[in-house]
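Asks: Quick one: the structure is below, and I'll ask about it shortly.
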Amino acid sequence: MKSVCRGPCRAPPSFSWSSRVVLWSTGRKKEVHFLTCYQLSNPGRLLDYPAHMEGQIWFLPRSLQLTGFQAYKLRVTHLYQLKQHNILASVGEDEEGINPLVKIWNLEKRDGGNPLCTRIFPAIPGTEPTVVSCLTVHENLNFMAIGFTDGSVTLNKGDITRDRHSKTQILHKGNYPVTGLAFRQAGKTTHLFVVTTENVQSYIVSGKDYPRVELDTHGCGLRCSALSDPSQDLQFIVAGDECVYLYQPDERGPCFAFEGHKLIAHWFRGYLVIVSRDRKVSPKSEFTSRDSQSSDKQILNIYDLCNKFIAYSAVFEDVVDVLAEWGSLYVLTRDGRVHALQEKDTQTKLEMLFKKNLFEMAINLAKSQHLDSDGLAQIFMQYGDHLYSKGNHDGAVQQYIRTIGKLEPSYVIRKFLDAQRIHNLTAYLQTLHRQSLANADHTTLLLNCYTKLKDSSKLEEFIKTKSESEVHFDVETAIKVLRQAGYYSHALYLAENHAHHEWYLKIQLEDIKNYQEALRYIGKLPFEQAESNMKRYGKILMHHIPEQTTQLLKGLCTDYRPSLEGRSDREAPGCRANSEEFIPIFANNPRELKAFLEHMSEVQPDSPQGIYDTLLELRLQNWAHEKDPQVKEKLHAEAISLLKSGRFCDVFDKALVLCQMHDFQDGVLYLYEQGKLFQQIMHYHMQHEQYRQVITVCERHGEQDPSLWEQALSYFARKEEDCKEYVAAVLKHIENKNLMPPLLVVQTLAHNSTATLSVIRDYLVQKLQKQSQQIAQDELRVRRYREETTRIRQEIQELKASPKIFQKTKCSICNSALELPSVHFLCGHSFHQHCFESYSESDADCPTCLPENRKVMDMIRAQEQKRDLHDQFQHQLKCSNDSFSVIADYFGRGVFNKLTLLTDPPTARLTSSLEAGLQRDLLVHSRRGT
């Protein structure tokens, strides 16, 4: 059994219904039938009436123009007007005796001016006479039920407007008169409620066998039952003397304890209308006649069952029926009056409740009237303001909470901030966040409330949500507020669970100083985030935990995989960062930097060049500052090994600068040699007076750069100490390679005051001997050329003056005996014709003499070209206005390819230093090499 409402609901009388009196004058006493579109009353017992008016059905439209027609010969007992069809069902008598007939009228069609009667059939289910007590018709026109005073119910199934498609059968038999019937449609199932004076039952009439369910063991009187609308789930209402019961097709629902003997029960637009007789209660009513002194009054109550209050209550005298039409209720009384009750509009009802401070009732009423959310929010706000003014802040905040989404939150927040009601403000802000309507300021205020109250449990409940989708606040704002308030653990929880890595690390490193945890957290991050955070916080971590930080950087730059619960996920693809970008992190940690760089160079040979540059610089620094000879030697070997690794080919200058900065001479010399800077190598040994190394450099690289020997001679020539051994070695090589003229050698050695003639005596003797031999050879060659010239001139003269006799018997090419045809030249050479054609390049040249003749001709042409070039140059120089352009042009063509070396006079050596001489020699010889 559902809940029972004991006693009438609380409500002010007549607050929601207005009433006005309409006097309906009956004139002569005659029968009046009041018909509406929805409900047709049956006031057959209203008045005594003349016989000639019996059997008529009357229509009263809104214009109040009464019309009617003769439906039965004797009387009309029951009428039922369908709501969705213009069909009227009636029960009446055409002859004396108990013989009621059912007639179906189509009000849209006419038969001689009257509505068309489409069907007539007897209402009695059998041969036994009985009186019809009630009538109901289903809106689909397929069911009609008739109740009788003997307790039986007939069901007409099929089209009720036609005899052919309809079938009548007895549905129910009982011992108690049937007082009410009602059809209820639920989906495809049709139920029929049957109420008698002693019980309530329901039938399923849409199926076979019509199963029955007995709902209760007490019934009601005639016209004391009704069917509610969907707002009450189409429940069947039975008004007993003690209570009003509501029924579903399979069970009894709630009941309401309304006192008084019930006369009429009616349902209208969500309201239950009850007319009852109660001798003890006689409330005042504007409808109560002043002359009436009778205490036996009838009370009309209109109940709002949904909101549980009495919407209207008034006393009437002898109510005949209550009808609903045209949006109003009409109460017919036996004195011939029709009282119209009109419902007030919702706003008027609410204003009446507001004046009486009945906000709860106003809220329930607004909901039942389907007031929009804006209207409800306005009621909640007024209710909250009322409670706030009364000092009930707890109740007020509950009402303000119901306005969230409609009322501006600042309106509520200001109220509770001024009242110093942090608890209430916290409750409001919590709900605001749960509905995801809070902004960053609201989050800040709520967290400040938690911190002011020191309510850690509520704070944890607020921030510790299960998933990201359940977060109803701005996480970053919450982290800032919690951090500022000193709730570091809560801020860390939010930052970690919502992937605010930057905030997590800020709190760990700047506030808590938990460097180990911060480093562990970075190790769990994805590669991109781990890389960016190490760049941002690497220096701090390196300062406090250098070894662990270095280890993480090694993994980050080689094969990084985020660690999961302390172990690396080896199945994830590895990533690696640019190790060169992390070098600044080790600014104050050279030991860790060296370990990092060596690890990268070993594990990842293709590391960026900056790794090797920094590693070289670091090794050179350590070598330069090391005092232990053994360690220094080891560092020296490591530096040289790194230089020889081949990683500095493209950055030769940078490596050279590093070695020079740290005075790493072996590295400098190695780089000079790799760069083929032999002049610099020579200059280095000269600066350090390493005589043997100077000779060694000349011996190793003299073939590639012959000027080195000349520089060596100039260098030793400027030395004041005895360098005869080295000078002799240089002179020997110069002599063998003929690198310098003897005069230049003498002039060069003239700068040395210690050098005597004995130093170059052997050189000069050998040089003079060679020149004497050369002179003798030249003179012999000249004499031979003269003799040859004389001989040739004689031959020419002979060829001109006398015939030439060819006496050669052998071919000059194949040395075979000459045979005709043959070819003879004036030079005396003879050839077979086929040999000549095979070896000759032209018909006019002797194949044997051609090579020698060609050399002579080339020499002649070269001399002529030089002579012509010199003459041309002189001519252009004289005729040109821009002499410099002419000289520049011939210089670019290589005409001036001979260098004349001008040396300083002997007196200059007294004023020139050794260093200046070396620099000049380097310059001169470098120019000579160009």
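Within each chain, counting starts at residue 1; across the structure tokens, chains are named A, B, ... in the order shown, with ligands numbered 1 upward in that order.
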Using only C-alpha atoms, which protein or nucleic acid residues come within 12 Å of Arg269 (chain A)? Drop anything in the same chain fewer than 4 positions from it, and give the result as a list in words.
Replies: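 The residues that qualify are Leu227, Ser228, Asp229, Pro230, Ser231, Gln232, Val273, Ile302, Tyr303, Asp304, Leu305, Cys306, Ala324, Glu325, Trp326, Gly327, Ser328, Leu329, Gln342, Glu343, Ser368 and Gln369 of chain A.
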Asks: Find the residues near Ala145 (chain A): any atom within 8 Å, counting only C-alpha atoms, skip ones fewer than 6 places away on the same chain, and give them as a PDB file with N, CA and C atoms, in the first residue's frame.
Replies:
ATOM      1  N   LEU A 135     -22.631   4.476 -17.363  1.00  0.00           N
ATOM      2  CA  LEU A 135     -22.283   4.260 -18.766  1.00  0.00           C
ATOM      3  C   LEU A 135     -20.898   4.871 -19.033  1.00  0.00           C
ATOM      4  N   THR A 136     -20.088   4.157 -19.830  1.00  0.00           N
ATOM      5  CA  THR A 136     -18.799   4.707 -20.261  1.00  0.00           C
ATOM      6  C   THR A 136     -18.442   4.149 -21.630  1.00  0.00           C
ATOM      7  N   VAL A 137     -17.719   4.941 -22.418  1.00  0.00           N
ATOM      8  CA  VAL A 137     -17.330   4.579 -23.778  1.00  0.00           C
ATOM      9  C   VAL A 137     -15.836   4.876 -23.941  1.00  0.00           C
ATOM     10  N   VAL A 153     -22.371  -6.075 -15.481  1.00  0.00           N
ATOM     11  CA  VAL A 153     -21.749  -5.115 -16.411  1.00  0.00           C
ATOM     12  C   VAL A 153     -21.707  -5.775 -17.776  1.00  0.00           C
ATOM     13  N   THR A 154     -22.213  -5.058 -18.778  1.00  0.00           N
ATOM     14  CA  THR A 154     -22.128  -5.554 -20.152  1.00  0.00           C
ATOM     15  C   THR A 154     -21.022  -4.801 -20.891  1.00  0.00           C
ATOM     16  N   LEU A 155     -20.346  -5.547 -21.758  1.00  0.00           N
ATOM     17  CA  LEU A 155     -19.257  -4.965 -22.553  1.00  0.00           C
ATOM     18  C   LEU A 155     -19.615  -5.106 -24.014  1.00  0.00           C
ATOM     19  N   ASN A 156     -19.676  -3.989 -24.690  1.00  0.00           N
ATOM     20  CA  ASN A 156     -19.914  -3.963 -26.131  1.00  0.00           C
ATOM     21  C   ASN A 156     -18.562  -3.774 -26.798  1.00  0.00           C
ATOM     22  N   LEU A 181     -17.792   3.248 -13.783  1.00  0.00           N
ATOM     23  CA  LEU A 181     -17.011   2.545 -14.799  1.00  0.00           C
ATOM     24  C   LEU A 181     -16.024   3.519 -15.426  1.00  0.00           C
TER      25      LEU A 181
END
Asks: Here is a test: counting only C-alpha atoms, which residue of A:Gln484, A:Gln70, A:Asn448, A:Ser206 is nearest to Pro115 (chain A)?
Replies: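 Selected residue with least distance to Pro115 (chain A): A:Gln70.
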Asks: Which residues are near Arg184 (chain A)? Cut-off 9 Å, only C-alpha atoms, ignore same chain within fewer than 2 positions. Put them as a count of residues only.
Replies: 13
Asks: Run DSSP on the backbone and grab whatever in region 383-540 of chain A lands in helix (DSSP H, G or I); send it over as a ChimeraX atom specification.
Replies: /A:383-389,393-401,409-418,422-434,440-453,456-463,468-470,475-485,488-497,501-512,515-524,527-540
Asks: Give me the residues within 10 Å of region 835-838 of chain A as number ranges by chain, counting only C-alpha atoms and dropping any in the same chain fewer than 3 places off.
Replies: A: 811-814, 822-824, 830-832, 841-843, 846-847
Asks: Using only C-alpha atoms, which of A:Lys524, A:His370, A:Lys173, A:His78 sits nearest Arg223 (chain A)?
Replies: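 Closest residue, counting only C-alpha atoms: A:His78.
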Asks: Please provide as a ChimeraX atom specification all residues within 9 Å of Cys575 (chain A), with the sequence filter that same-chain residues fewer than 3 positions apart are discarded (counting only C-alpha atoms).
Replies: /A:527,556-561
